[in-house]
Each structure stands twice: as structure tokens, then as C-alpha cells.
>>> print(open('entry_14.cif').read())   # mmCIF, C-alpha atoms
data_protein
#
loop_
_atom_site.group_PDB
_atom_site.id
_atom_site.type_symbol
_atom_site.label_atom_id
_atom_site.label_comp_id
_atom_site.auth_asym_id
_atom_site.auth_seq_id
_atom_site.Cartn_x
_atom_site.Cartn_y
_atom_site.Cartn_z
ATOM 1 C CA MET A 1 156.988 162.509 -35.130
ATOM 2 C CA GLY A 2 160.663 163.254 -35.786
ATOM 3 C CA GLN A 3 161.494 159.773 -37.038
ATOM 4 C CA VAL A 4 158.473 159.922 -39.343
ATOM 5 C CA ILE A 5 159.407 163.267 -40.900
ATOM 6 C CA ARG A 6 163.114 162.450 -41.174
ATOM 7 C CA HIS A 7 162.499 160.549 -44.365
ATOM 8 C CA TYR A 8 163.970 161.200 -47.811
ATOM 9 C CA THR A 9 160.498 161.987 -49.182
ATOM 10 C CA THR A 10 160.573 165.265 -47.225
ATOM 11 C CA TRP A 11 163.332 166.416 -49.605
ATOM 12 C CA ILE A 12 161.248 165.250 -52.562
ATOM 13 C CA TRP A 13 158.341 167.363 -51.272
ATOM 14 C CA LEU A 14 160.604 170.440 -50.967
ATOM 15 C CA LEU A 15 161.911 169.865 -54.498
ATOM 16 C CA LEU A 16 158.334 169.569 -55.817
ATOM 17 C CA VAL A 17 157.290 172.858 -54.170
ATOM 18 C CA ALA A 18 160.439 174.595 -55.479
ATOM 19 C CA LEU A 19 159.834 173.347 -59.038
ATOM 20 C CA THR A 20 156.187 174.446 -58.820
ATOM 21 C CA THR A 21 157.158 177.957 -57.735
ATOM 22 C CA MET A 22 159.777 178.154 -60.490
ATOM 23 C CA SER A 23 157.183 177.041 -63.056
ATOM 24 C CA TRP A 24 154.803 179.732 -61.873
ATOM 25 C CA GLU A 25 157.591 182.333 -62.165
ATOM 26 C CA LEU A 26 158.308 181.165 -65.681
ATOM 27 C CA GLY A 27 154.679 181.037 -66.772
ATOM 28 C CA ASP A 28 153.129 183.956 -64.951
ATOM 29 C CA GLY A 29 155.698 185.841 -62.865
ATOM 30 C CA GLN A 30 158.721 188.041 -63.469
ATOM 31 C CA ALA A 31 160.530 185.504 -65.625
ATOM 32 C CA ALA A 32 157.559 185.069 -67.990
ATOM 33 C CA SER A 33 158.858 187.644 -70.460
ATOM 34 C CA ALA A 34 162.447 186.402 -70.354
ATOM 35 C CA LEU A 35 161.770 183.292 -72.418
ATOM 36 C CA ALA A 36 159.893 182.985 -75.700
ATOM 37 C CA PRO A 37 156.524 181.192 -75.176
ATOM 38 C CA THR A 38 157.523 178.542 -77.726
ATOM 39 C CA LEU A 39 160.456 177.675 -75.455
ATOM 40 C CA ALA A 40 158.764 178.252 -72.102
ATOM 41 C CA ALA A 41 155.718 176.065 -72.790
ATOM 42 C CA PRO A 42 157.586 172.821 -73.607
ATOM 43 C CA LEU A 43 159.913 173.518 -70.663
ATOM 44 C CA LEU A 44 156.898 173.869 -68.349
ATOM 45 C CA MET A 45 155.528 170.524 -69.567
ATOM 46 C CA LEU A 46 158.857 168.729 -69.152
ATOM 47 C CA VAL A 47 159.158 170.072 -65.588
ATOM 48 C CA ALA A 48 155.539 169.030 -64.870
ATOM 49 C CA PHE A 49 156.133 165.454 -66.031
ATOM 50 C CA PHE A 50 159.422 165.327 -64.124
ATOM 51 C CA LYS A 51 157.347 166.223 -61.039
ATOM 52 C CA VAL A 52 154.787 163.559 -62.010
ATOM 53 C CA ARG A 53 157.596 160.987 -62.022
ATOM 54 C CA LEU A 54 158.807 162.144 -58.610
ATOM 55 C CA VAL A 55 155.290 161.677 -57.198
ATOM 56 C CA GLY A 56 154.842 158.326 -58.938
ATOM 57 C CA LEU A 57 158.181 156.799 -58.012
ATOM 58 C CA HIS A 58 158.636 158.156 -54.498
ATOM 59 C CA PHE A 59 155.157 158.987 -53.148
ATOM 60 C CA MET A 60 153.188 156.228 -54.895
ATOM 61 C CA GLU A 61 156.083 153.856 -54.200
ATOM 62 C CA LEU A 62 156.296 152.687 -57.807
ATOM 63 C CA ARG A 63 160.082 152.649 -57.512
ATOM 64 C CA THR A 64 159.751 149.401 -55.577
ATOM 65 C CA ALA A 65 156.520 148.185 -57.234
ATOM 66 C CA PRO A 66 156.347 145.113 -59.505
ATOM 67 C CA LEU A 67 158.048 145.913 -62.800
ATOM 68 C CA PRO A 68 154.930 145.719 -65.032
ATOM 69 C CA LEU A 69 153.174 148.340 -62.901
ATOM 70 C CA ARG A 70 156.203 150.607 -62.912
ATOM 71 C CA LEU A 71 156.541 150.228 -66.692
ATOM 72 C CA LEU A 72 152.854 151.048 -67.247
ATOM 73 C CA PHE A 73 153.362 154.238 -65.250
ATOM 74 C CA GLU A 74 156.532 155.164 -67.151
ATOM 75 C CA ALA A 75 154.732 154.496 -70.433
ATOM 76 C CA TRP A 76 151.890 156.810 -69.369
ATOM 77 C CA VAL A 77 154.411 159.565 -68.586
ATOM 78 C CA VAL A 78 156.123 159.219 -71.970
ATOM 79 C CA VAL A 79 152.888 158.987 -74.000
ATOM 80 C CA ALA A 80 151.005 161.774 -72.161
ATOM 81 C CA CYS A 81 153.958 164.183 -72.152
ATOM 82 C CA GLY A 82 154.909 163.263 -75.727
ATOM 83 C CA ALA A 83 151.351 163.755 -77.023
ATOM 84 C CA ILE A 84 151.006 167.198 -75.427
ATOM 85 C CA LEU A 85 154.408 168.302 -76.747
ATOM 86 C CA VAL A 86 153.828 166.993 -80.278
ATOM 87 C CA ILE A 87 150.400 168.635 -80.499
ATOM 88 C CA TYR A 88 151.696 171.869 -78.978
ATOM 89 C CA LEU A 89 154.711 172.137 -81.254
ATOM 90 C CA GLN A 90 152.713 171.545 -84.447
ATOM 91 C CA MET B 1 147.959 138.141 -53.843
ATOM 92 C CA SER B 2 150.949 137.002 -51.798
ATOM 93 C CA GLY B 3 152.141 140.595 -51.821
ATOM 94 C CA LEU B 4 149.269 141.610 -49.588
ATOM 95 C CA GLU B 5 150.109 139.091 -46.913
ATOM 96 C CA LEU B 6 153.680 140.227 -47.000
ATOM 97 C CA THR B 7 152.700 143.842 -46.424
ATOM 98 C CA ALA B 8 150.711 143.286 -43.309
ATOM 99 C CA ASP B 9 153.563 141.697 -41.456
ATOM 100 C CA THR B 10 156.676 143.113 -43.004
ATOM 101 C CA PRO B 11 157.985 146.139 -41.157
ATOM 102 C CA VAL B 12 159.474 148.728 -43.421
ATOM 103 C CA ALA B 13 162.377 149.464 -41.150
ATOM 104 C CA GLY B 14 164.583 147.105 -43.141
ATOM 105 C CA ARG B 15 165.422 147.488 -46.816
ATOM 106 C CA ARG B 16 162.674 146.072 -48.957
ATOM 107 C CA ALA B 17 164.395 143.660 -51.210
ATOM 108 C CA GLU B 18 161.203 142.391 -52.778
ATOM 109 C CA ARG B 19 159.059 144.403 -55.124
ATOM 110 C CA HIS B 20 155.751 145.269 -53.553
ATOM 111 C CA MET B 21 152.426 146.392 -55.005
ATOM 112 C CA PRO B 22 151.189 149.467 -53.071
ATOM 113 C CA GLY B 23 147.508 148.603 -52.670
ATOM 114 C CA GLU B 24 145.310 146.056 -54.380
ATOM 115 C CA GLU B 25 145.437 145.321 -58.091
ATOM 116 C CA GLY B 26 141.859 146.526 -58.615
ATOM 117 C CA VAL B 27 142.772 149.958 -57.266
ATOM 118 C CA TRP B 28 145.604 150.179 -59.776
ATOM 119 C CA VAL B 29 143.361 149.201 -62.682
ATOM 120 C CA PHE B 30 141.132 152.089 -61.634
ATOM 121 C CA ILE B 31 144.037 154.529 -61.144
ATOM 122 C CA LEU B 32 145.668 153.745 -64.503
ATOM 123 C CA GLY B 33 142.281 153.900 -66.237
ATOM 124 C CA ASP B 34 141.590 157.302 -64.732
ATOM 125 C CA MET B 35 145.039 158.546 -65.682
ATOM 126 C CA THR B 36 144.470 157.398 -69.266
ATOM 127 C CA VAL B 37 141.152 159.257 -69.492
ATOM 128 C CA PHE B 38 142.842 162.418 -68.198
ATOM 129 C CA ALA B 39 145.752 161.989 -70.638
ATOM 130 C CA LEU B 40 143.190 161.969 -73.467
ATOM 131 C CA PHE B 41 141.664 165.172 -72.076
ATOM 132 C CA PHE B 42 145.129 166.786 -71.894
ATOM 133 C CA ALA B 43 145.722 165.929 -75.560
ATOM 134 C CA VAL B 44 142.272 167.162 -76.648
ATOM 135 C CA PHE B 45 142.839 170.437 -74.746
ATOM 136 C CA ALA B 46 146.239 170.893 -76.431
ATOM 137 C CA TRP B 47 144.612 170.151 -79.797
ATOM 138 C CA TYR B 48 141.845 172.761 -79.389
ATOM 139 C CA ARG B 49 144.412 175.231 -78.105
ATOM 140 C CA GLY B 50 146.322 174.774 -81.360
ATOM 141 C CA VAL B 51 143.152 175.521 -83.356
ATOM 142 C CA ASP B 52 142.770 178.958 -81.751
ATOM 143 C CA PRO B 53 145.909 179.875 -79.772
ATOM 144 C CA ALA B 54 144.999 183.584 -79.577
ATOM 145 C CA LEU B 55 141.654 182.862 -77.884
ATOM 146 C CA PHE B 56 143.238 180.374 -75.463
ATOM 147 C CA THR B 57 146.056 182.758 -74.488
ATOM 148 C CA ALA B 58 143.667 185.686 -74.035
ATOM 149 C CA SER B 59 141.267 183.591 -71.937
ATOM 150 C CA GLN B 60 144.133 182.156 -69.909
ATOM 151 C CA GLN B 61 145.143 185.682 -68.935
ATOM 152 C CA THR B 62 141.787 186.149 -67.198
ATOM 153 C CA LEU B 63 142.685 183.275 -64.836
ATOM 154 C CA ASN B 64 144.489 183.908 -61.564
ATOM 155 C CA ALA B 65 147.584 181.684 -61.731
ATOM 156 C CA GLY B 66 148.209 182.487 -58.051
ATOM 157 C CA TYR B 67 145.222 180.304 -57.135
ATOM 158 C CA GLY B 68 146.661 177.527 -59.277
ATOM 159 C CA LEU B 69 150.066 177.855 -57.617
ATOM 160 C CA PHE B 70 148.599 177.872 -54.108
ATOM 161 C CA ASN B 71 146.400 174.856 -54.850
ATOM 162 C CA THR B 72 149.304 172.919 -56.371
ATOM 163 C CA CYS B 73 151.320 173.505 -53.195
ATOM 164 C CA LEU B 74 148.327 172.415 -51.066
ATOM 165 C CA LEU B 75 147.986 169.123 -52.958
ATOM 166 C CA LEU B 76 151.756 168.479 -52.893
ATOM 167 C CA THR B 77 151.776 169.070 -49.138
ATOM 168 C CA SER B 78 148.701 166.892 -48.714
ATOM 169 C CA SER B 79 150.417 164.080 -50.624
ATOM 170 C CA TRP B 80 153.511 164.471 -48.477
ATOM 171 C CA PHE B 81 151.386 164.185 -45.316
ATOM 172 C CA VAL B 82 149.945 160.934 -46.698
ATOM 173 C CA VAL B 83 153.468 159.600 -47.353
ATOM 174 C CA LEU B 84 154.422 160.440 -43.770
ATOM 175 C CA ALA B 85 151.182 158.854 -42.524
ATOM 176 C CA MET B 86 152.049 155.598 -44.327
ATOM 177 C CA ASN B 87 155.505 155.843 -42.827
ATOM 178 C CA ALA B 88 153.938 156.190 -39.355
ATOM 179 C CA ALA B 89 151.412 153.398 -39.994
ATOM 180 C CA ARG B 90 154.200 150.986 -40.878
ATOM 181 C CA ARG B 91 155.914 151.803 -37.591
ATOM 182 C CA HIS B 92 152.604 151.129 -35.806
ATOM 183 C CA LEU B 93 152.388 154.801 -34.746
ATOM 184 C CA ASN B 94 148.622 154.791 -35.220
ATOM 185 C CA ASN B 95 147.806 158.155 -33.662
ATOM 186 C CA GLN B 96 150.508 159.959 -35.629
ATOM 187 C CA ALA B 97 149.258 158.311 -38.816
ATOM 188 C CA ALA B 98 145.698 159.445 -38.032
ATOM 189 C CA LEU B 99 146.837 163.020 -37.303
ATOM 190 C CA LEU B 100 148.831 163.213 -40.545
ATOM 191 C CA LEU B 101 145.846 161.909 -42.519
ATOM 192 C CA VAL B 102 143.596 164.562 -40.966
ATOM 193 C CA LEU B 103 146.186 167.193 -41.985
ATOM 194 C CA ALA B 104 146.112 165.760 -45.533
ATOM 195 C CA PHE B 105 142.312 166.028 -45.490
ATOM 196 C CA LEU B 106 142.513 169.666 -44.338
ATOM 197 C CA CYS B 107 144.812 170.485 -47.283
ATOM 198 C CA GLY B 108 142.143 168.963 -49.537
ATOM 199 C CA LEU B 109 139.552 171.131 -47.830
ATOM 200 C CA GLY B 110 141.748 174.205 -48.445
ATOM 201 C CA PHE B 111 142.018 173.224 -52.111
ATOM 202 C CA SER B 112 138.203 172.992 -52.295
ATOM 203 C CA LEU B 113 137.693 176.411 -50.698
ATOM 204 C CA VAL B 114 140.105 178.041 -53.162
ATOM 205 C CA LYS B 115 138.319 176.262 -56.020
ATOM 206 C CA PHE B 116 134.925 177.591 -54.862
ATOM 207 C CA LEU B 117 136.398 181.094 -54.544
ATOM 208 C CA GLU B 118 137.886 180.807 -58.022
ATOM 209 C CA TYR B 119 134.728 179.439 -59.677
ATOM 210 C CA GLY B 120 132.684 182.123 -57.884
ATOM 211 C CA GLU B 121 134.902 184.923 -59.207
ATOM 212 C CA LYS B 122 134.781 183.546 -62.742
ATOM 213 C CA ILE B 123 131.015 183.083 -62.752
ATOM 214 C CA ALA B 124 130.518 186.578 -61.259
ATOM 215 C CA ALA B 125 132.640 187.947 -64.117
ATOM 216 C CA GLY B 126 130.377 186.162 -66.605
ATOM 217 C CA LEU B 127 132.985 183.563 -67.512
ATOM 218 C CA VAL B 128 131.019 180.325 -67.758
ATOM 219 C CA PRO B 129 131.432 177.024 -69.694
ATOM 220 C CA THR B 130 129.523 178.443 -72.665
ATOM 221 C CA THR B 131 131.769 181.547 -72.878
ATOM 222 C CA ASN B 132 134.231 179.902 -75.266
ATOM 223 C CA ASN B 133 136.172 176.667 -75.875
ATOM 224 C CA PHE B 134 138.867 177.585 -73.354
ATOM 225 C CA TYR B 135 136.349 178.059 -70.578
ATOM 226 C CA MET B 136 134.454 174.930 -71.564
ATOM 227 C CA PHE B 137 137.674 172.918 -71.117
ATOM 228 C CA TYR B 138 138.605 174.877 -67.989
ATOM 229 C CA TYR B 139 135.355 173.844 -66.278
ATOM 230 C CA ILE B 140 135.347 170.250 -67.587
ATOM 231 C CA LEU B 141 138.972 169.524 -66.657
ATOM 232 C CA THR B 142 139.088 171.288 -63.295
ATOM 233 C CA GLY B 143 135.541 170.124 -62.459
ATOM 234 C CA LEU B 144 136.311 166.488 -63.244
ATOM 235 C CA HIS B 145 139.485 166.780 -61.205
ATOM 236 C CA PHE B 146 137.567 168.388 -58.354
ATOM 237 C CA VAL B 147 135.196 165.383 -58.231
ATOM 238 C CA HIS B 148 138.312 163.244 -57.717
ATOM 239 C CA VAL B 149 139.486 165.571 -54.934
ATOM 240 C CA VAL B 150 136.160 165.196 -53.098
ATOM 241 C CA ILE B 151 136.192 161.377 -53.431
ATOM 242 C CA GLY B 152 139.828 161.373 -52.285
ATOM 243 C CA MET B 153 139.015 163.482 -49.227
ATOM 244 C CA VAL B 154 136.359 160.947 -48.158
ATOM 245 C CA VAL B 155 138.865 158.109 -48.680
ATOM 246 C CA VAL B 156 141.522 159.950 -46.626
ATOM 247 C CA LEU B 157 139.020 160.450 -43.784
ATOM 248 C CA PHE B 158 138.232 156.713 -43.816
ATOM 249 C CA MET B 159 141.968 156.038 -43.699
ATOM 250 C CA ALA B 160 142.316 158.366 -40.685
ATOM 251 C CA HIS B 161 139.464 156.511 -38.987
ATOM 252 C CA ARG B 162 141.145 153.135 -39.569
ATOM 253 C CA ALA B 163 144.450 154.471 -38.210
ATOM 254 C CA ARG B 164 142.772 155.998 -35.154
ATOM 255 C CA ARG B 165 140.979 152.723 -34.402
ATOM 256 C CA GLY B 166 144.280 150.852 -34.616
ATOM 257 C CA ILE B 167 145.735 149.337 -37.754
ATOM 258 C CA ARG B 168 145.001 145.624 -38.103
ATOM 259 C CA GLY B 169 146.414 143.020 -40.432
ATOM 260 C CA GLY B 170 144.148 143.617 -43.400
ATOM 261 C CA ASP B 171 144.228 147.419 -43.176
ATOM 262 C CA MET B 172 147.582 148.070 -44.860
ATOM 263 C CA GLY B 173 146.272 147.106 -48.308
ATOM 264 C CA PHE B 174 143.391 149.555 -47.939
ATOM 265 C CA LEU B 175 145.684 152.318 -46.651
ATOM 266 C CA GLU B 176 148.139 151.817 -49.510
ATOM 267 C CA GLY B 177 145.366 151.802 -52.108
ATOM 268 C CA GLY B 178 143.824 154.977 -50.669
ATOM 269 C CA ALA B 179 147.239 156.655 -50.506
ATOM 270 C CA SER B 180 147.946 155.755 -54.147
ATOM 271 C CA TYR B 181 144.578 157.202 -55.195
ATOM 272 C CA TRP B 182 145.263 160.466 -53.346
ATOM 273 C CA HIS B 183 148.699 160.750 -54.969
ATOM 274 C CA MET B 184 147.030 160.287 -58.367
ATOM 275 C CA VAL B 185 144.753 163.267 -57.624
ATOM 276 C CA ASP B 186 147.908 165.295 -56.880
ATOM 277 C CA LEU B 187 149.708 163.972 -59.963
ATOM 278 C CA LEU B 188 146.877 164.942 -62.346
ATOM 279 C CA TRP B 189 146.774 168.472 -60.940
ATOM 280 C CA ILE B 190 150.552 168.767 -61.447
ATOM 281 C CA VAL B 191 149.876 168.518 -65.204
ATOM 282 C CA LEU B 192 146.647 170.555 -65.186
ATOM 283 C CA PHE B 193 148.281 173.564 -63.495
ATOM 284 C CA PRO B 194 150.820 174.396 -66.246
ATOM 285 C CA LEU B 195 148.532 173.142 -69.025
ATOM 286 C CA ILE B 196 145.612 175.433 -68.135
ATOM 287 C CA TYR B 197 147.191 178.319 -66.206
ATOM 288 C CA LEU B 198 150.713 178.742 -67.548
ATOM 289 C CA MET B 199 151.419 177.432 -71.056
ATOM 290 C CA LYS B 200 151.169 180.226 -73.587
#
>>> encode(input="entry_14.cif", output="C-alpha cells")
Amino acid sequence: MGQVIRHYTTWIWLLLVALTTMSWELGDGQAASALAPTLAAPLLMLVAFFKVRLVGLHFMELRTAPLPLRLLFEAWVVVACGAILVIYLQ
Amino acid sequence: MSGLELTADTPVAGRRAERHMPGEEGVWVFILGDMTVFALFFAVFAWYRGVDPALFTASQQTLNAGYGLFNTCLLLTSSWFVVLAMNAARRHLNNQAALLLVLAFLCGLGFSLVKFLEYGEKIAAGLVPTTNNFYMFYYILTGLHFVHVVIGMVVVLFMAHRARRGIRGGDMGFLEGGASYWHMVDLLWIVLFPLIYLMK
């Protein structure tokens, strides 16, 4: 099992859990009042889509996928994140 | 289709110089289609939130973000188990792959139990889809996602069965497709968690 777990994706998983906990702190925990909601909300979305990219590139193996597939994924990230931010900030 | 033949026989121990499609093309058409539908839902939710931000913020405060946090961590861990399972499968460690897939399934089961607990609490408190627009979207988005979780759990069990039986030539394409689908379920929840539970 050791050789299976000793893989760089284990670090990615730890980073994802850390970012999730930080997001929760920022949105609902102690840090929630430290930042203005108009600043916290876009930050939360940017962190979420950064996590989405980590999952896509490293877990879904799109980093080494054919370029068109990778580009479709990247385009989805940009459009989905952009749309939410634009609508939110209006 | 040459990519599929390559997968079955190419061990991953060496650096993969060639680009490789994880799973069959049809699976990816489905995954990207699903992701697009969810992206539209995200945008519509954000739009309705903008129409009545006070109602959405007030309703959001009746949610328990702790459940959302716990469930996000469960899905992330589940996804990681699937990555490790694929890693094991490529090294022909069939039993380890099967065990890791069962662990991934159990994380999905944990997610489902928390979801039932959460829905139960909300319904007991009289918070149902007809309560207001926030709750309508809350049930539609999390419910639609939950359907994907259940389908994914069945797929992951099938994958565990294939691994347990012994991975044969044609199995890697199926395993990769199933893994990609399960990661998509995780990926969509990563956006839903802050969108519904955290963004004020």
C-alpha cells in the first residue's frame, strides 16, 4: 500500500482539505466577520475554482489528457467562475 | 481509439510522454454535458440571489455549514481513494485497488447519511422547497447532485468488483471512465459548498 499512497496526489488531497477548511472559516467560522462579504464571497469562489482545477488536472488526469479535452475543461472553469462572479458583483 | 489500446498495456511506472484520454470519449461527452448543466444552475442561483440578497443570506444562516464542510471533506477523500485505486490498478495490485474503491464507496455512503440527516432536520423545521426561492434552489441543486452521488456509488462498486475479479485488458477504460465520473461528482460539490452554504 505504501508505494500506492506515496504519490504526489496525496499532497494535492491535503491541500484540498486545507483550502476547504479555510473556506469554511472564512464563510462561517471565526474569520467570517474579519472580511467584508463583498470581498469574502469572490475570494471563496476563486478558491473553489482553484480547487476544481486541482481535481480536474491531477485527479481526473486532464493534465496529461489530449489538449482539446483539457482546453474544454479550462474553458468551463473560466466561464462558470466568471459567470458567478459577474452576476454576484452586479 | 488508439488511446484505449495504449492504456491497457502501458504501465504507468514510466513517464507518460503521450497524452492520454482518461476513459472513453462518450463518458467525457456526458461529463462535460453534466458540468455545463450545473454551471447554468450555478449562474441561475447567483442571479436569483442578486434579486433578493437579504432573503438568501437569512435563509443561508439556517443551514448548518458544518455538514457542508464535513461532506466536502468526505467527497475529497473519496476522490483521493479513487486516485490511489487507479494507481494500484495500473501496478496490477488488484486487491489493493478493490479495497481502495470500497473505501471510496463508504465515503459516498457517509455523504448520503449526512445528507439524509440534513434534509430530515430541515424538513422537521418546516423548511421545504416551497418555503422560498433559496430553499427551492437548495433542494434542486443538492438533490440533483445527490442523484449523481448515488449513481457514482453504484459505478464505484462495479469498479471494485472488476478490480477484485482481476483487471483484464479492456477494464482500464471502464475504470478510468468511472473514476472521472466520480471526480466530477466531487468537483461539482466543491462549487456547491461555498455557493450555497458560505457566500454572503
>>> atom_distance(input="entry_14.cif", atom1="CA of Glu176 in chain B", atom2="CA of His148 in chain B")
17.2 Å
>>> atom_distance(input="entry_14.cif", atom1="CA of Trp182 in chain B", atom2="CA of Phe137 in chain B")
23.0 Å
>>> residues_around(input="entry_14.cif", residues="Ala48 in chain A", least_positions_apart="5", cutoff="10 Å", atoms="all atoms listed in the file", output="list of chain:residue names")
A:Leu16, A:Leu19, A:Thr20, A:Ser23, A:Pro42, A:Leu43, A:Arg53, A:Leu54, A:Cys81, B:Leu187, B:Leu188, B:Trp189, B:Ile190, B:Val191, B:Leu192, B:Phe193, B:Pro194, B:Leu195
>>> resolve_selection(input="entry_14.cif", expression="the PyMOL selection byres ((chain B) within 6 of (chain A))", output="PyMOL selection string")
chain B and resi 19-21+39+43+88+180+187+191+198-200
>>> closest_residue(input="entry_14.cif", among="B:Ala89, B:Leu127, B:Val185, B:Cys107", to="Gly166 in chain B", atoms="all atoms listed in the file")
B:Ala89
>>> resolve_selection(input="entry_14.cif", expression="the PyMOL selection byres ((chain B and resi 24) around 8)", output="VMD selection string")
chain B and resid 4 21 to 23 25 to 28 173 to 174 177
>>> atom_distance(input="entry_14.cif", atom1="CA of Val102 in chain B", atom2="CA of Val156 in chain B")
7.6 Å
>>> resolve_selection(input="entry_14.cif", expression="the PyMOL selection byres ((chain B and resi 140) around 12)", output="tab-separated table (two decimals) with C-alpha atoms, in the frame of the given file")
chain	number	residue	atom	x	y	z
B	38	PHE	CA	142.84	162.42	-68.20
B	41	PHE	CA	141.66	165.17	-72.08
B	42	PHE	CA	145.13	166.79	-71.89
B	44	VAL	CA	142.27	167.16	-76.65
B	45	PHE	CA	142.84	170.44	-74.75
B	128	VAL	CA	131.02	180.32	-67.76
B	129	PRO	CA	131.43	177.02	-69.69
B	130	THR	CA	129.52	178.44	-72.67
B	133	ASN	CA	136.17	176.67	-75.88
B	134	PHE	CA	138.87	177.58	-73.35
B	135	TYR	CA	136.35	178.06	-70.58
B	136	MET	CA	134.45	174.93	-71.56
B	137	PHE	CA	137.67	172.92	-71.12
B	138	TYR	CA	138.60	174.88	-67.99
B	139	TYR	CA	135.35	173.84	-66.28
B	141	LEU	CA	138.97	169.52	-66.66
B	142	THR	CA	139.09	171.29	-63.30
B	143	GLY	CA	135.54	170.12	-62.46
B	144	LEU	CA	136.31	166.49	-63.24
B	145	HIS	CA	139.49	166.78	-61.20
B	146	PHE	CA	137.57	168.39	-58.35
B	147	VAL	CA	135.20	165.38	-58.23
B	192	LEU	CA	146.65	170.56	-65.19
B	196	ILE	CA	145.61	175.43	-68.14
>>> residues_around(input="entry_14.cif", residues="Leu93 in chain B", least_positions_apart="2", cutoff="12 Å", atoms="all atoms listed in the file", output="PyMOL selection string")
(chain A and resi 1-4) or (chain B and resi 84-91+95-100+163-167)
>>> build_atoms(input="entry_14.cif", residues="range 22-38 of chain A", atoms="N, CA and C atoms", output="short mmCIF file (atom, residue, chain, number, x, y, z; two decimals), keeping the file's coordinate frame")
data_model
loop_
_atom_site.label_atom_id
_atom_site.label_comp_id
_atom_site.auth_asym_id
_atom_site.auth_seq_id
_atom_site.Cartn_x
_atom_site.Cartn_y
_atom_site.Cartn_z
N MET A 22 158.98 177.73 -59.33
CA MET A 22 159.78 178.15 -60.49
C MET A 22 158.92 178.14 -61.76
N SER A 23 158.07 177.13 -61.89
CA SER A 23 157.18 177.04 -63.06
C SER A 23 156.25 178.23 -63.10
N TRP A 24 155.72 178.59 -61.94
CA TRP A 24 154.80 179.73 -61.87
C TRP A 24 155.53 181.02 -62.27
N GLU A 25 156.77 181.17 -61.80
CA GLU A 25 157.59 182.33 -62.16
C GLU A 25 157.77 182.40 -63.68
N LEU A 26 158.03 181.25 -64.25
CA LEU A 26 158.31 181.16 -65.68
C LEU A 26 157.04 181.40 -66.52
N GLY A 27 155.91 180.93 -66.00
CA GLY A 27 154.68 181.04 -66.77
C GLY A 27 153.90 182.31 -66.53
N ASP A 28 154.01 182.85 -65.31
CA ASP A 28 153.13 183.96 -64.95
C ASP A 28 153.85 185.10 -64.23
N GLY A 29 155.02 184.83 -63.70
CA GLY A 29 155.70 185.84 -62.86
C GLY A 29 156.70 186.68 -63.64
N GLN A 30 157.71 187.13 -62.93
CA GLN A 30 158.72 188.04 -63.47
C GLN A 30 159.46 187.44 -64.67
N ALA A 31 159.71 186.14 -64.59
CA ALA A 31 160.53 185.50 -65.62
C ALA A 31 159.74 185.22 -66.90
N ALA A 32 158.42 185.46 -66.86
CA ALA A 32 157.56 185.07 -67.99
C ALA A 32 158.00 185.71 -69.30
N SER A 33 158.49 186.95 -69.23
CA SER A 33 158.86 187.64 -70.46
C SER A 33 160.28 187.34 -70.90
N ALA A 34 161.04 186.66 -70.04
CA ALA A 34 162.45 186.40 -70.35
C ALA A 34 162.62 185.32 -71.43
N LEU A 35 161.67 184.40 -71.46
CA LEU A 35 161.77 183.29 -72.42
C LEU A 35 160.64 183.38 -73.44
N ALA A 36 160.94 183.03 -74.68
CA ALA A 36 159.89 182.98 -75.70
C ALA A 36 158.87 181.91 -75.32
N PRO A 37 157.56 182.18 -75.54
CA PRO A 37 156.52 181.19 -75.18
C PRO A 37 156.76 179.82 -75.81
N THR A 38 157.31 179.82 -77.04
CA THR A 38 157.52 178.54 -77.73
C THR A 38 158.61 177.71 -77.04
#
